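Structure below is target28.cif: mmCIF, C-alpha atoms and all ligand atoms.
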```cif
data_data
#
loop_
_atom_site.group_PDB
_atom_site.id
_atom_site.type_symbol
_atom_site.label_atom_id
_atom_site.label_comp_id
_atom_site.auth_asym_id
_atom_site.auth_seq_id
_atom_site.Cartn_x
_atom_site.Cartn_y
_atom_site.Cartn_z
ATOM 1 C CA MET A 1360 -52.314 -81.445 151.067
ATOM 2 C CA THR A 1361 -50.136 -78.886 152.810
ATOM 3 C CA HIS A 1362 -50.630 -75.146 152.518
ATOM 4 C CA HIS A 1363 -48.336 -72.216 152.974
ATOM 5 C CA HIS A 1364 -48.188 -71.191 156.671
ATOM 6 C CA ASP A 1365 -49.278 -74.659 157.874
ATOM 7 C CA LEU A 1366 -47.689 -75.715 161.144
ATOM 8 C CA SER A 1367 -44.691 -78.000 160.931
ATOM 9 C CA ALA A 1368 -44.817 -81.305 162.821
ATOM 10 C CA GLN A 1369 -42.347 -79.810 165.283
ATOM 11 C CA GLU A 1370 -44.480 -76.702 165.868
ATOM 12 C CA LEU A 1371 -47.568 -78.829 166.454
ATOM 13 C CA LYS A 1372 -45.693 -81.016 168.908
ATOM 14 C CA SER A 1373 -44.436 -77.974 170.767
ATOM 15 C CA TYR A 1374 -47.972 -76.479 170.943
ATOM 16 C CA GLN A 1375 -49.365 -79.762 172.235
ATOM 17 C CA ALA A 1376 -46.662 -80.043 174.899
ATOM 18 C CA SER A 1377 -46.676 -76.418 176.068
ATOM 19 C CA GLY A 1378 -50.199 -75.135 175.315
ATOM 20 C CA TYR A 1379 -48.904 -72.256 173.203
ATOM 21 C CA LEU A 1380 -46.783 -71.479 170.162
ATOM 22 C CA ILE A 1381 -45.150 -68.216 169.100
ATOM 23 C CA ARG A 1382 -44.504 -67.237 165.484
ATOM 24 C CA LYS A 1383 -42.453 -64.067 165.241
ATOM 25 C CA ASP A 1384 -42.950 -61.204 162.799
ATOM 26 C CA VAL A 1385 -45.787 -62.793 160.824
ATOM 27 C CA PHE A 1386 -47.288 -59.397 159.917
ATOM 28 C CA SER A 1387 -45.123 -56.639 158.471
ATOM 29 C CA LEU A 1388 -44.811 -53.253 160.094
ATOM 30 C CA SER A 1389 -46.878 -51.651 157.333
ATOM 31 C CA GLU A 1390 -49.660 -54.206 157.897
ATOM 32 C CA ILE A 1391 -49.466 -53.594 161.636
ATOM 33 C CA THR A 1392 -49.667 -49.838 161.102
ATOM 34 C CA GLN A 1393 -52.935 -50.389 159.241
ATOM 35 C CA LEU A 1394 -54.247 -52.782 161.877
ATOM 36 C CA ARG A 1395 -53.501 -50.238 164.618
ATOM 37 C CA ALA A 1396 -55.546 -47.667 162.703
ATOM 38 C CA ALA A 1397 -58.333 -50.235 162.327
ATOM 39 C CA ALA A 1398 -58.238 -50.887 166.079
ATOM 40 C CA GLU A 1399 -58.559 -47.175 166.849
ATOM 41 C CA ARG A 1400 -61.482 -46.868 164.411
ATOM 42 C CA ALA A 1401 -63.155 -49.759 166.240
ATOM 43 C CA VAL A 1402 -62.613 -47.985 169.589
ATOM 44 C CA ASN A 1403 -64.202 -44.777 168.306
ATOM 45 C CA HIS A 1404 -67.072 -46.747 166.851
ATOM 46 C CA ALA A 1405 -67.547 -48.622 170.145
ATOM 47 C CA ILE A 1406 -67.671 -45.375 172.130
ATOM 48 C CA GLU A 1407 -70.359 -43.988 169.805
ATOM 49 C CA MET A 1408 -72.352 -47.209 170.083
ATOM 50 C CA CYS A 1409 -72.272 -47.075 173.903
ATOM 51 C CA ILE A 1410 -74.796 -44.218 173.929
ATOM 52 C CA ALA A 1411 -77.467 -46.732 172.943
ATOM 53 C CA GLY A 1412 -76.148 -49.507 175.187
ATOM 54 C CA LYS A 1413 -77.053 -51.113 178.492
ATOM 55 C CA THR A 1414 -74.573 -50.324 181.294
ATOM 56 C CA TYR A 1415 -73.698 -52.546 184.256
ATOM 57 C CA ILE A 1416 -70.859 -52.701 186.781
ATOM 58 C CA LEU A 1417 -69.030 -55.906 187.727
ATOM 59 C CA ASP A 1418 -66.284 -55.792 190.389
ATOM 60 C CA GLY A 1419 -65.972 -52.028 189.892
ATOM 61 C CA LYS A 1420 -65.604 -52.200 186.107
ATOM 62 C CA ARG A 1421 -68.104 -50.657 183.735
ATOM 63 C CA PHE A 1422 -69.459 -52.819 180.912
ATOM 64 C CA VAL A 1423 -71.795 -51.658 178.152
ATOM 65 C CA ASP A 1424 -73.746 -54.129 176.016
ATOM 66 C CA ILE A 1425 -74.924 -52.910 172.637
ATOM 67 C CA ASN A 1426 -76.976 -55.872 171.452
ATOM 68 C CA HIS A 1427 -74.374 -58.687 171.441
ATOM 69 C CA VAL A 1428 -71.309 -56.401 171.452
ATOM 70 C CA THR A 1429 -69.725 -55.809 174.870
ATOM 71 C CA VAL A 1430 -67.468 -52.840 175.598
ATOM 72 C CA GLN A 1431 -65.500 -53.047 178.836
ATOM 73 C CA PHE A 1432 -63.895 -49.946 180.392
ATOM 74 C CA GLU A 1433 -60.894 -49.618 182.684
ATOM 75 C CA PRO A 1434 -61.695 -49.807 186.434
ATOM 76 C CA GLY A 1435 -63.743 -47.006 187.995
ATOM 77 C CA PRO A 1436 -67.442 -46.396 187.313
ATOM 78 C CA ASP A 1437 -66.764 -43.238 185.222
ATOM 79 C CA ASN A 1438 -63.566 -44.289 183.494
ATOM 80 C CA GLN A 1439 -63.868 -43.510 179.755
ATOM 81 C CA GLN A 1440 -60.868 -45.592 178.633
ATOM 82 C CA VAL A 1441 -61.937 -48.669 176.669
ATOM 83 C CA ARG A 1442 -60.246 -51.881 177.832
ATOM 84 C CA VAL A 1443 -61.858 -54.666 175.756
ATOM 85 C CA ILE A 1444 -64.300 -54.852 172.817
ATOM 86 C CA GLU A 1445 -65.926 -58.201 171.925
ATOM 87 C CA PRO A 1446 -66.669 -59.226 169.195
ATOM 88 C CA VAL A 1447 -64.547 -56.491 167.647
ATOM 89 C CA ASN A 1448 -64.472 -57.756 164.055
ATOM 90 C CA GLU A 1449 -68.042 -56.542 163.580
ATOM 91 C CA LEU A 1450 -66.969 -52.948 164.228
ATOM 92 C CA ASP A 1451 -64.396 -52.637 161.451
ATOM 93 C CA ALA A 1452 -64.150 -54.177 157.976
ATOM 94 C CA GLU A 1453 -60.370 -54.523 158.127
ATOM 95 C CA LEU A 1454 -60.439 -56.373 161.446
ATOM 96 C CA ASP A 1455 -63.183 -58.552 160.001
ATOM 97 C CA GLN A 1456 -60.964 -59.356 157.022
ATOM 98 C CA LEU A 1457 -58.139 -60.362 159.366
ATOM 99 C CA VAL A 1458 -60.274 -63.323 160.493
ATOM 100 C CA GLU A 1459 -59.793 -64.813 156.998
ATOM 101 C CA ASP A 1460 -56.005 -64.359 156.834
ATOM 102 C CA PRO A 1461 -54.295 -67.652 155.839
ATOM 103 C CA ARG A 1462 -51.428 -66.889 158.220
ATOM 104 C CA LEU A 1463 -53.967 -67.431 160.974
ATOM 105 C CA THR A 1464 -56.401 -69.890 159.424
ATOM 106 C CA ASN A 1465 -53.925 -72.401 157.970
ATOM 107 C CA PRO A 1466 -52.197 -73.054 161.305
ATOM 108 C CA MET A 1467 -55.627 -72.998 162.981
ATOM 109 C CA ARG A 1468 -56.919 -75.914 160.888
ATOM 110 C CA SER A 1469 -54.384 -78.155 162.635
ATOM 111 C CA LEU A 1470 -55.080 -76.709 166.081
ATOM 112 C CA VAL A 1471 -58.872 -76.920 165.744
ATOM 113 C CA GLY A 1472 -58.561 -80.354 164.138
ATOM 114 C CA ALA A 1473 -60.946 -79.522 161.293
ATOM 115 C CA LYS A 1474 -60.557 -78.900 157.566
ATOM 116 C CA ASP A 1475 -63.020 -76.020 157.635
ATOM 117 C CA LEU A 1476 -63.268 -73.332 160.293
ATOM 118 C CA ALA A 1477 -65.740 -70.864 161.742
ATOM 119 C CA LEU A 1478 -65.177 -67.892 164.008
ATOM 120 C CA TRP A 1479 -65.995 -68.317 167.703
ATOM 121 C CA THR A 1480 -65.132 -64.818 168.954
ATOM 122 C CA ALA A 1481 -62.657 -61.935 168.531
ATOM 123 C CA LYS A 1482 -61.559 -59.538 171.287
ATOM 124 C CA LEU A 1483 -59.572 -56.330 171.088
ATOM 125 C CA ASN A 1484 -57.509 -55.697 174.220
ATOM 126 C CA LEU A 1485 -56.229 -52.111 174.381
ATOM 127 C CA LYS A 1486 -53.960 -51.793 177.458
ATOM 128 C CA ARG A 1487 -53.234 -48.072 177.160
ATOM 129 C CA PRO A 1488 -49.970 -46.509 178.442
ATOM 130 C CA ARG A 1489 -49.916 -46.199 182.269
ATOM 131 C CA GLU A 1490 -53.640 -46.970 182.401
ATOM 132 C CA GLY A 1491 -54.190 -50.426 180.987
ATOM 133 C CA SER A 1492 -55.006 -52.850 183.785
ATOM 134 C CA GLY A 1493 -53.832 -56.442 184.036
ATOM 135 C CA PHE A 1494 -55.674 -59.720 183.562
ATOM 136 C CA GLY A 1495 -55.613 -62.156 186.494
ATOM 137 C CA TRP A 1496 -54.628 -65.771 185.821
ATOM 138 C CA HIS A 1497 -57.514 -67.540 184.112
ATOM 139 C CA GLN A 1498 -58.510 -70.058 181.470
ATOM 140 C CA ASP A 1499 -60.947 -69.231 178.674
ATOM 141 C CA SER A 1500 -62.629 -72.646 178.738
ATOM 142 C CA PRO A 1501 -64.686 -72.027 181.937
ATOM 143 C CA TYR A 1502 -66.202 -68.903 180.296
ATOM 144 C CA TRP A 1503 -67.241 -70.874 177.244
ATOM 145 C CA ILE A 1504 -68.163 -74.328 178.501
ATOM 146 C CA HIS A 1505 -71.812 -73.403 179.071
ATOM 147 C CA ASP A 1506 -72.233 -72.151 175.490
ATOM 148 C CA CYS A 1507 -70.297 -74.807 173.631
ATOM 149 C CA ASP A 1508 -70.002 -78.617 173.472
ATOM 150 C CA HIS A 1509 -66.558 -78.552 171.822
ATOM 151 C CA VAL A 1510 -64.606 -76.311 174.171
ATOM 152 C CA ASP A 1511 -61.395 -78.273 173.471
ATOM 153 C CA GLN A 1512 -61.636 -77.085 169.854
ATOM 154 C CA LEU A 1513 -61.558 -73.342 170.550
ATOM 155 C CA PRO A 1514 -57.892 -72.375 170.139
ATOM 156 C CA ASN A 1515 -56.918 -68.713 170.244
ATOM 157 C CA VAL A 1516 -54.471 -66.615 168.307
ATOM 158 C CA MET A 1517 -53.239 -63.292 169.650
ATOM 159 C CA ILE A 1518 -51.801 -60.854 167.135
ATOM 160 C CA ALA A 1519 -49.515 -58.269 168.761
ATOM 161 C CA PHE A 1520 -50.247 -54.770 167.466
ATOM 162 C CA ASP A 1521 -47.402 -53.293 169.570
ATOM 163 C CA ASP A 1522 -44.040 -54.526 170.810
ATOM 164 C CA ALA A 1523 -44.747 -56.203 174.137
ATOM 165 C CA ASP A 1524 -42.505 -56.725 177.146
ATOM 166 C CA ARG A 1525 -42.862 -56.914 180.915
ATOM 167 C CA HIS A 1526 -43.112 -53.128 181.235
ATOM 168 C CA ASN A 1527 -46.224 -52.737 179.081
ATOM 169 C CA GLY A 1528 -47.900 -55.893 180.376
ATOM 170 C CA CYS A 1529 -47.010 -58.586 177.851
ATOM 171 C CA PHE A 1530 -49.114 -61.724 177.572
ATOM 172 C CA LYS A 1531 -48.105 -64.522 179.952
ATOM 173 C CA VAL A 1532 -48.981 -68.201 180.117
ATOM 174 C CA ILE A 1533 -48.475 -71.056 182.544
ATOM 175 C CA LYS A 1534 -46.640 -73.564 180.390
ATOM 176 C CA GLY A 1535 -48.302 -76.986 180.240
ATOM 177 C CA SER A 1536 -51.359 -75.890 182.264
ATOM 178 C CA HIS A 1537 -53.724 -76.828 179.396
ATOM 179 C CA LYS A 1538 -53.183 -80.516 180.150
ATOM 180 C CA GLN A 1539 -55.364 -80.296 183.262
ATOM 181 C CA GLY A 1540 -58.596 -79.330 181.425
ATOM 182 C CA CYS A 1541 -61.008 -76.950 183.172
ATOM 183 C CA LEU A 1542 -59.579 -75.995 186.566
ATOM 184 C CA PRO A 1543 -61.588 -74.705 189.554
ATOM 185 C CA GLY A 1544 -62.030 -70.949 189.981
ATOM 186 C CA LYS A 1545 -61.310 -68.769 193.000
ATOM 187 C CA ASP A 1546 -63.827 -68.481 195.788
ATOM 188 C CA ASP A 1547 -63.027 -64.928 196.903
ATOM 189 C CA GLY A 1548 -66.548 -63.510 197.138
ATOM 190 C CA SER A 1549 -66.131 -61.177 194.148
ATOM 191 C CA GLN A 1550 -68.578 -61.286 191.232
ATOM 192 C CA LEU A 1551 -66.057 -62.546 188.699
ATOM 193 C CA GLY A 1552 -63.782 -64.432 191.120
ATOM 194 C CA GLY A 1553 -65.030 -67.815 189.942
ATOM 195 C CA PHE A 1554 -63.555 -67.121 186.509
ATOM 196 C CA TYR A 1555 -60.009 -66.679 187.866
ATOM 197 C CA THR A 1556 -58.127 -69.930 188.234
ATOM 198 C CA ASP A 1557 -57.461 -71.096 191.780
ATOM 199 C CA THR A 1558 -53.720 -70.451 192.078
ATOM 200 C CA ARG A 1559 -53.269 -73.655 194.109
ATOM 201 C CA CYS A 1560 -53.895 -75.575 190.857
ATOM 202 C CA PHE A 1561 -50.699 -74.481 189.083
ATOM 203 C CA ASP A 1562 -47.161 -73.358 189.793
ATOM 204 C CA GLU A 1563 -46.411 -69.704 189.000
ATOM 205 C CA ALA A 1564 -42.806 -70.772 188.437
ATOM 206 C CA ASP A 1565 -44.043 -72.240 185.124
ATOM 207 C CA GLU A 1566 -44.893 -68.723 183.885
ATOM 208 C CA VAL A 1567 -43.620 -67.776 180.424
ATOM 209 C CA ALA A 1568 -43.701 -64.061 179.525
ATOM 210 C CA MET A 1569 -44.273 -63.512 175.807
ATOM 211 C CA GLU A 1570 -41.969 -60.623 175.000
ATOM 212 C CA VAL A 1571 -42.711 -60.320 171.287
ATOM 213 C CA SER A 1572 -42.433 -57.667 168.600
ATOM 214 C CA ALA A 1573 -45.454 -56.122 166.901
ATOM 215 C CA GLY A 1574 -46.657 -58.414 164.128
ATOM 216 C CA SER A 1575 -45.862 -61.598 166.037
ATOM 217 C CA VAL A 1576 -48.619 -64.104 166.726
ATOM 218 C CA ILE A 1577 -49.204 -66.354 169.723
ATOM 219 C CA PHE A 1578 -51.421 -69.432 169.409
ATOM 220 C CA PHE A 1579 -52.756 -70.795 172.707
ATOM 221 C CA ASP A 1580 -55.016 -73.569 173.914
ATOM 222 C CA PRO A 1581 -58.471 -72.784 175.423
ATOM 223 C CA HIS A 1582 -57.368 -74.511 178.656
ATOM 224 C CA THR A 1583 -54.034 -72.684 178.968
ATOM 225 C CA VAL A 1584 -53.894 -70.596 182.155
ATOM 226 C CA HIS A 1585 -52.932 -67.081 181.062
ATOM 227 C CA GLY A 1586 -52.949 -63.466 182.165
ATOM 228 C CA SER A 1587 -50.878 -60.303 182.130
ATOM 229 C CA ALA A 1588 -49.735 -57.423 184.325
ATOM 230 C CA ALA A 1589 -50.835 -53.786 184.104
ATOM 231 C CA ASN A 1590 -49.195 -51.454 181.607
ATOM 232 C CA GLU A 1591 -46.869 -49.280 183.651
ATOM 233 C CA SER A 1592 -44.964 -47.972 180.650
ATOM 234 C CA THR A 1593 -45.484 -45.070 178.249
ATOM 235 C CA GLN A 1594 -46.053 -47.526 175.364
ATOM 236 C CA PRO A 1595 -49.406 -49.059 174.411
ATOM 237 C CA ARG A 1596 -49.911 -52.836 174.354
ATOM 238 C CA ARG A 1597 -52.753 -53.447 171.932
ATOM 239 C CA ALA A 1598 -53.647 -56.903 170.629
ATOM 240 C CA ILE A 1599 -56.500 -58.807 169.054
ATOM 241 C CA ILE A 1600 -57.328 -62.350 170.121
ATOM 242 C CA ILE A 1601 -59.252 -64.366 167.540
ATOM 243 C CA THR A 1602 -60.779 -67.715 168.477
ATOM 244 C CA TYR A 1603 -61.746 -70.312 165.884
ATOM 245 C CA GLN A 1604 -63.857 -73.480 165.919
ATOM 246 C CA PRO A 1605 -64.957 -76.134 163.399
ATOM 247 C CA ALA A 1606 -67.162 -74.826 160.560
ATOM 248 C CA GLY A 1607 -70.927 -74.748 160.963
ATOM 249 C CA PHE A 1608 -71.155 -73.746 164.625
ATOM 250 C CA PRO A 1609 -72.569 -70.426 165.902
ATOM 251 C CA GLN A 1610 -70.397 -67.649 167.336
ATOM 252 C CA LEU A 1611 -70.235 -67.087 171.099
ATOM 253 C CA LYS A 1612 -72.103 -63.814 171.369
ATOM 254 C CA SER A 1613 -74.258 -63.276 168.280
ATOM 255 C CA GLY A 1614 -75.253 -66.920 167.778
ATOM 256 C CA GLN A 1615 -74.711 -66.370 164.032
ATOM 257 C CA ILE A 1616 -72.579 -68.795 162.027
ATOM 258 C CA ARG A 1617 -69.530 -67.152 160.484
ATOM 259 C CA ASN A 1618 -67.709 -69.762 158.407
ATOM 260 C CA VAL A 1619 -64.199 -68.839 157.326
HETATM 261 O O1 LIG B 1701 -54.509 -59.295 176.742
HETATM 262 C C1 LIG B 1701 -54.036 -59.964 177.675
HETATM 263 O O2 LIG B 1701 -52.914 -59.761 178.131
HETATM 264 C C2 LIG B 1701 -54.810 -61.065 178.302
HETATM 265 C C3 LIG B 1701 -56.109 -61.216 177.646
HETATM 266 C C4 LIG B 1701 -56.937 -62.290 178.172
HETATM 267 O O3 LIG B 1701 -56.581 -62.991 179.047
HETATM 268 C C5 LIG B 1701 -58.241 -62.537 177.565
HETATM 269 O O4 LIG B 1701 -58.711 -61.702 176.778
HETATM 270 O O5 LIG B 1701 -58.816 -63.583 177.881
#
```

Would it be possible to restate this file's structure as structure tokens?
Amino acid sequence: MTHHHDLSAQELKSYQASGYLIRKDVFSLSEITQLRAAAERAVNHAIEMCIAGKTYILDGKRFVDINHVTVQFEPGPDNQQVRVIEPVNELDAELDQLVEDPRLTNPMRSLVGAKDLALWTAKLNLKRPREGSGFGWHQDSPYWIHDCDHVDQLPNVMIAFDDADRHNGCFKVIKGSHKQGCLPGKDDGSQLGGFYTDTRCFDEADEVAMEVSAGSVIFFDPHTVHGSAANESTQPRRAIIITYQPAGFPQLKSGQIRNV
């Protein structure tokens, strides 16, 4: 049986060939306005929670763990600007509801390869004007392979909360890179270096910059090499990335099962 929002055969083929798929203007501007407000509520909530958290520094970036929620700040030990919150859906009811949206879950059933889904994780990436730092080229699969036996079945969907272009650090992928599976990391002596893909394993000429309007969604494979530049503009580049898996499996950070 087909459902509304299911992927067409052509879309699925394109995703399988390229490791990503863009659907433009899936969420309306009024929905996006509400989601932006939800994101800012989650940020305020995260900052309050940090008081009771455990702080550590990795490669000059401050992280605070509050139980299984991690809040990452922009570089500099005293920087107060939140960069990433994971899992963010637990901090706001509206973001939690987004996990159930059929515009995400119906396409995801095909990409996960399962009739029923569960949540794996959900990250909010803030990338504030002139301050938001970039993400080096990496795959998600090496982060997850130690916690999961079905890493091939952890596709992501990024929902753009702001218009994104090269100036505010739009999402970028290396087209076709997912076909190589887990690639080796860098050996640069830094704490997190091993999580950045060795650039000798792909060709930066295959980069595709996802210049999309707010409300667009980008599906991408867990093995797709991806990253983004810093935000050098006066415009924010906020986005949530939700990752699904087959039903019945525990989430990455809490270990709780959240079936969709
Ligand atoms: O938000 C971005 O531009 C990249 C995010 C990313 O690579 C990640 O969260 O794994």

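Pairwise distance (CA of Thr1392 in chain A, CA of Phe1520 in chain A) equals 8.1 Å.
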
Could you check how far CA of Glu1459 in chain A sits from CA of Met1408 in chain A, in Å to one decimal?
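Value for the CA of Glu1459 in chain A-CA of Met1408 in chain A distance: 25.3 Å.
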
Show me, as JSON, the centre and edge lengths in Å to one decimal of the axis-aligned box that covers every listed atom of range 1411-1426 of chain A with 5 Å on each side.
```
{"center_x": -71.5, "center_y": -51.3, "center_z": 180.9, "size_x": 21.9, "size_y": 19.2, "size_z": 28.9}
```

Under the PyMOL selection byres (((not hetatm)) within 10 of (chain B and resi 1701)), which residues of this model are included? Write them out as a PyMOL selection string.
chain A and resi 1442-1445+1481-1486+1491-1500+1502+1515+1517+1519+1523+1527-1532+1569+1581+1584-1590+1596-1601

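Between Leu1457 in chain A and the candidates A:Val1430, A:Val1619, A:Gln1610, A:Thr1361, the tightest atom-to-atom separation, counting all atoms listed in the file, involves A:Val1619.
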
On this structure, the PyMOL selection byres (((chain A and resi 1395) around 10) and not hetatm) would catch which residues? List them as a PDB file with C-alpha atoms, in the frame of the given file, sorted by chain and number.
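Result file is result-v4.pdb:
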```pdb
ATOM      1  CA  SER A1389     -46.878 -51.651 157.333  1.00  0.00           C
ATOM      2  CA  GLU A1390     -49.660 -54.206 157.897  1.00  0.00           C
ATOM      3  CA  ILE A1391     -49.466 -53.594 161.636  1.00  0.00           C
ATOM      4  CA  THR A1392     -49.667 -49.838 161.102  1.00  0.00           C
ATOM      5  CA  GLN A1393     -52.935 -50.389 159.241  1.00  0.00           C
ATOM      6  CA  LEU A1394     -54.247 -52.782 161.877  1.00  0.00           C
ATOM      7  CA  ALA A1396     -55.546 -47.667 162.703  1.00  0.00           C
ATOM      8  CA  ALA A1397     -58.333 -50.235 162.327  1.00  0.00           C
ATOM      9  CA  ALA A1398     -58.238 -50.887 166.079  1.00  0.00           C
ATOM     10  CA  GLU A1399     -58.559 -47.175 166.849  1.00  0.00           C
ATOM     11  CA  ARG A1400     -61.482 -46.868 164.411  1.00  0.00           C
ATOM     12  CA  ALA A1401     -63.155 -49.759 166.240  1.00  0.00           C
ATOM     13  CA  LEU A1454     -60.439 -56.373 161.446  1.00  0.00           C
ATOM     14  CA  ALA A1519     -49.515 -58.269 168.761  1.00  0.00           C
ATOM     15  CA  PHE A1520     -50.247 -54.770 167.466  1.00  0.00           C
ATOM     16  CA  ASP A1521     -47.402 -53.293 169.570  1.00  0.00           C
ATOM     17  CA  ARG A1597     -52.753 -53.447 171.932  1.00  0.00           C
ATOM     18  CA  ALA A1598     -53.647 -56.903 170.629  1.00  0.00           C
TER      19      ALA A1598
END
```

For Gln1539 in chain A, which of A:Lys1413, A:His1526, A:Ser1377, A:Ser1387 is the closest residue, counting all atoms listed in the file?
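Nearest to Gln1539 in chain A: A:Ser1377.
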
Have a look at CA of Ser1536 in chain A and CA of Glu1563 in chain A and let me know their distance in Å, one decimal.
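Distance reported for this atom pair: 10.4 Å.
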
Applied to the shown file, which residues does the PyMOL selection byres (((chain A and resi 1409) around 8) and not hetatm) return, written as a PyMOL selection string?
chain A and resi 1405-1408+1410-1413+1423-1425+1430

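If you measure from each of A:Lys1420, A:Asn1448, A:Val1458, A:Ser1469 to Ala1368 in chain A using only C-alpha atoms, the closest one turns out to be A:Ser1469.
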
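If only C-alpha atoms are the atoms counted, then among A:Val1402, A:Gly1378, A:Glu1570, A:Asp1511 the closest residue to Gly1472 in chain A is A:Asp1511.
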
Using all atoms listed in the file, the shortest atom-to-atom distance to Leu1371 in chain A among A:Ser1549, A:Arg1468, A:Pro1595, A:Pro1543 belongs to A:Arg1468

Please list, as a VMD selection string, the residues that have an atom at most 10 Å away from (-60.3, -75.0, 167.4) in the coordinates of this file, counting all atoms listed in the file.
chain A and resid 1467 to 1473 1476 to 1479 1509 to 1515 1580 to 1581 1602 to 1606

I'd like to know which of A:Tyr1555, A:Phe1578, A:Tyr1379, A:Phe1608 is closest to Ile1518 in chain A, using only C-alpha atoms.
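With only C-alpha atoms as the atom set, the closest residue is A:Phe1578.
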
Any chance you could build range 1404-1416 of chain A out to N, CA, C and O atoms and write it as a CSV table (one decimal), in the frame of the given file?
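Output contents, as saved in part_0.csv:
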```csv
chain,number,residue,atom,x,y,z
A,1404,HIS,N,-65.8,-46.2,167.2
A,1404,HIS,CA,-67.1,-46.7,166.9
A,1404,HIS,C,-67.8,-47.3,168.1
A,1404,HIS,O,-68.9,-47.0,168.4
A,1405,ALA,N,-67.0,-48.0,168.9
A,1405,ALA,CA,-67.5,-48.6,170.1
A,1405,ALA,C,-68.1,-47.5,171.1
A,1405,ALA,O,-69.1,-47.7,171.7
A,1406,ILE,N,-67.3,-46.5,171.2
A,1406,ILE,CA,-67.7,-45.4,172.1
A,1406,ILE,C,-69.0,-44.7,171.7
A,1406,ILE,O,-69.9,-44.5,172.5
A,1407,GLU,N,-69.1,-44.5,170.3
A,1407,GLU,CA,-70.4,-44.0,169.8
A,1407,GLU,C,-71.5,-44.9,170.1
A,1407,GLU,O,-72.6,-44.5,170.4
A,1408,MET,N,-71.3,-46.2,169.9
A,1408,MET,CA,-72.4,-47.2,170.1
A,1408,MET,C,-72.8,-47.3,171.5
A,1408,MET,O,-74.0,-47.6,171.8
A,1409,CYS,N,-71.9,-46.9,172.5
A,1409,CYS,CA,-72.3,-47.1,173.9
A,1409,CYS,C,-73.5,-46.2,174.3
A,1409,CYS,O,-74.2,-46.5,175.3
A,1410,ILE,N,-73.7,-45.1,173.6
A,1410,ILE,CA,-74.8,-44.2,173.9
A,1410,ILE,C,-76.1,-45.0,173.9
A,1410,ILE,O,-77.0,-44.7,174.8
A,1411,ALA,N,-76.2,-46.0,173.0
A,1411,ALA,CA,-77.5,-46.7,172.9
A,1411,ALA,C,-77.4,-48.1,173.7
A,1411,ALA,O,-78.2,-48.9,173.5
A,1412,GLY,N,-76.4,-48.2,174.6
A,1412,GLY,CA,-76.1,-49.5,175.2
A,1412,GLY,C,-76.7,-49.6,176.6
A,1412,GLY,O,-77.3,-48.7,177.1
A,1413,LYS,N,-76.6,-50.8,177.1
A,1413,LYS,CA,-77.1,-51.1,178.5
A,1413,LYS,C,-75.8,-51.2,179.4
A,1413,LYS,O,-75.0,-52.1,179.2
A,1414,THR,N,-75.8,-50.4,180.4
A,1414,THR,CA,-74.6,-50.3,181.3
A,1414,THR,C,-74.8,-51.2,182.5
A,1414,THR,O,-75.8,-51.2,183.1
A,1415,TYR,N,-73.7,-51.8,183.0
A,1415,TYR,CA,-73.7,-52.5,184.3
A,1415,TYR,C,-72.3,-52.5,184.8
A,1415,TYR,O,-71.3,-52.3,184.1
A,1416,ILE,N,-72.2,-52.7,186.1
A,1416,ILE,CA,-70.9,-52.7,186.8
A,1416,ILE,C,-70.6,-54.1,187.4
A,1416,ILE,O,-71.5,-54.6,188.1
```
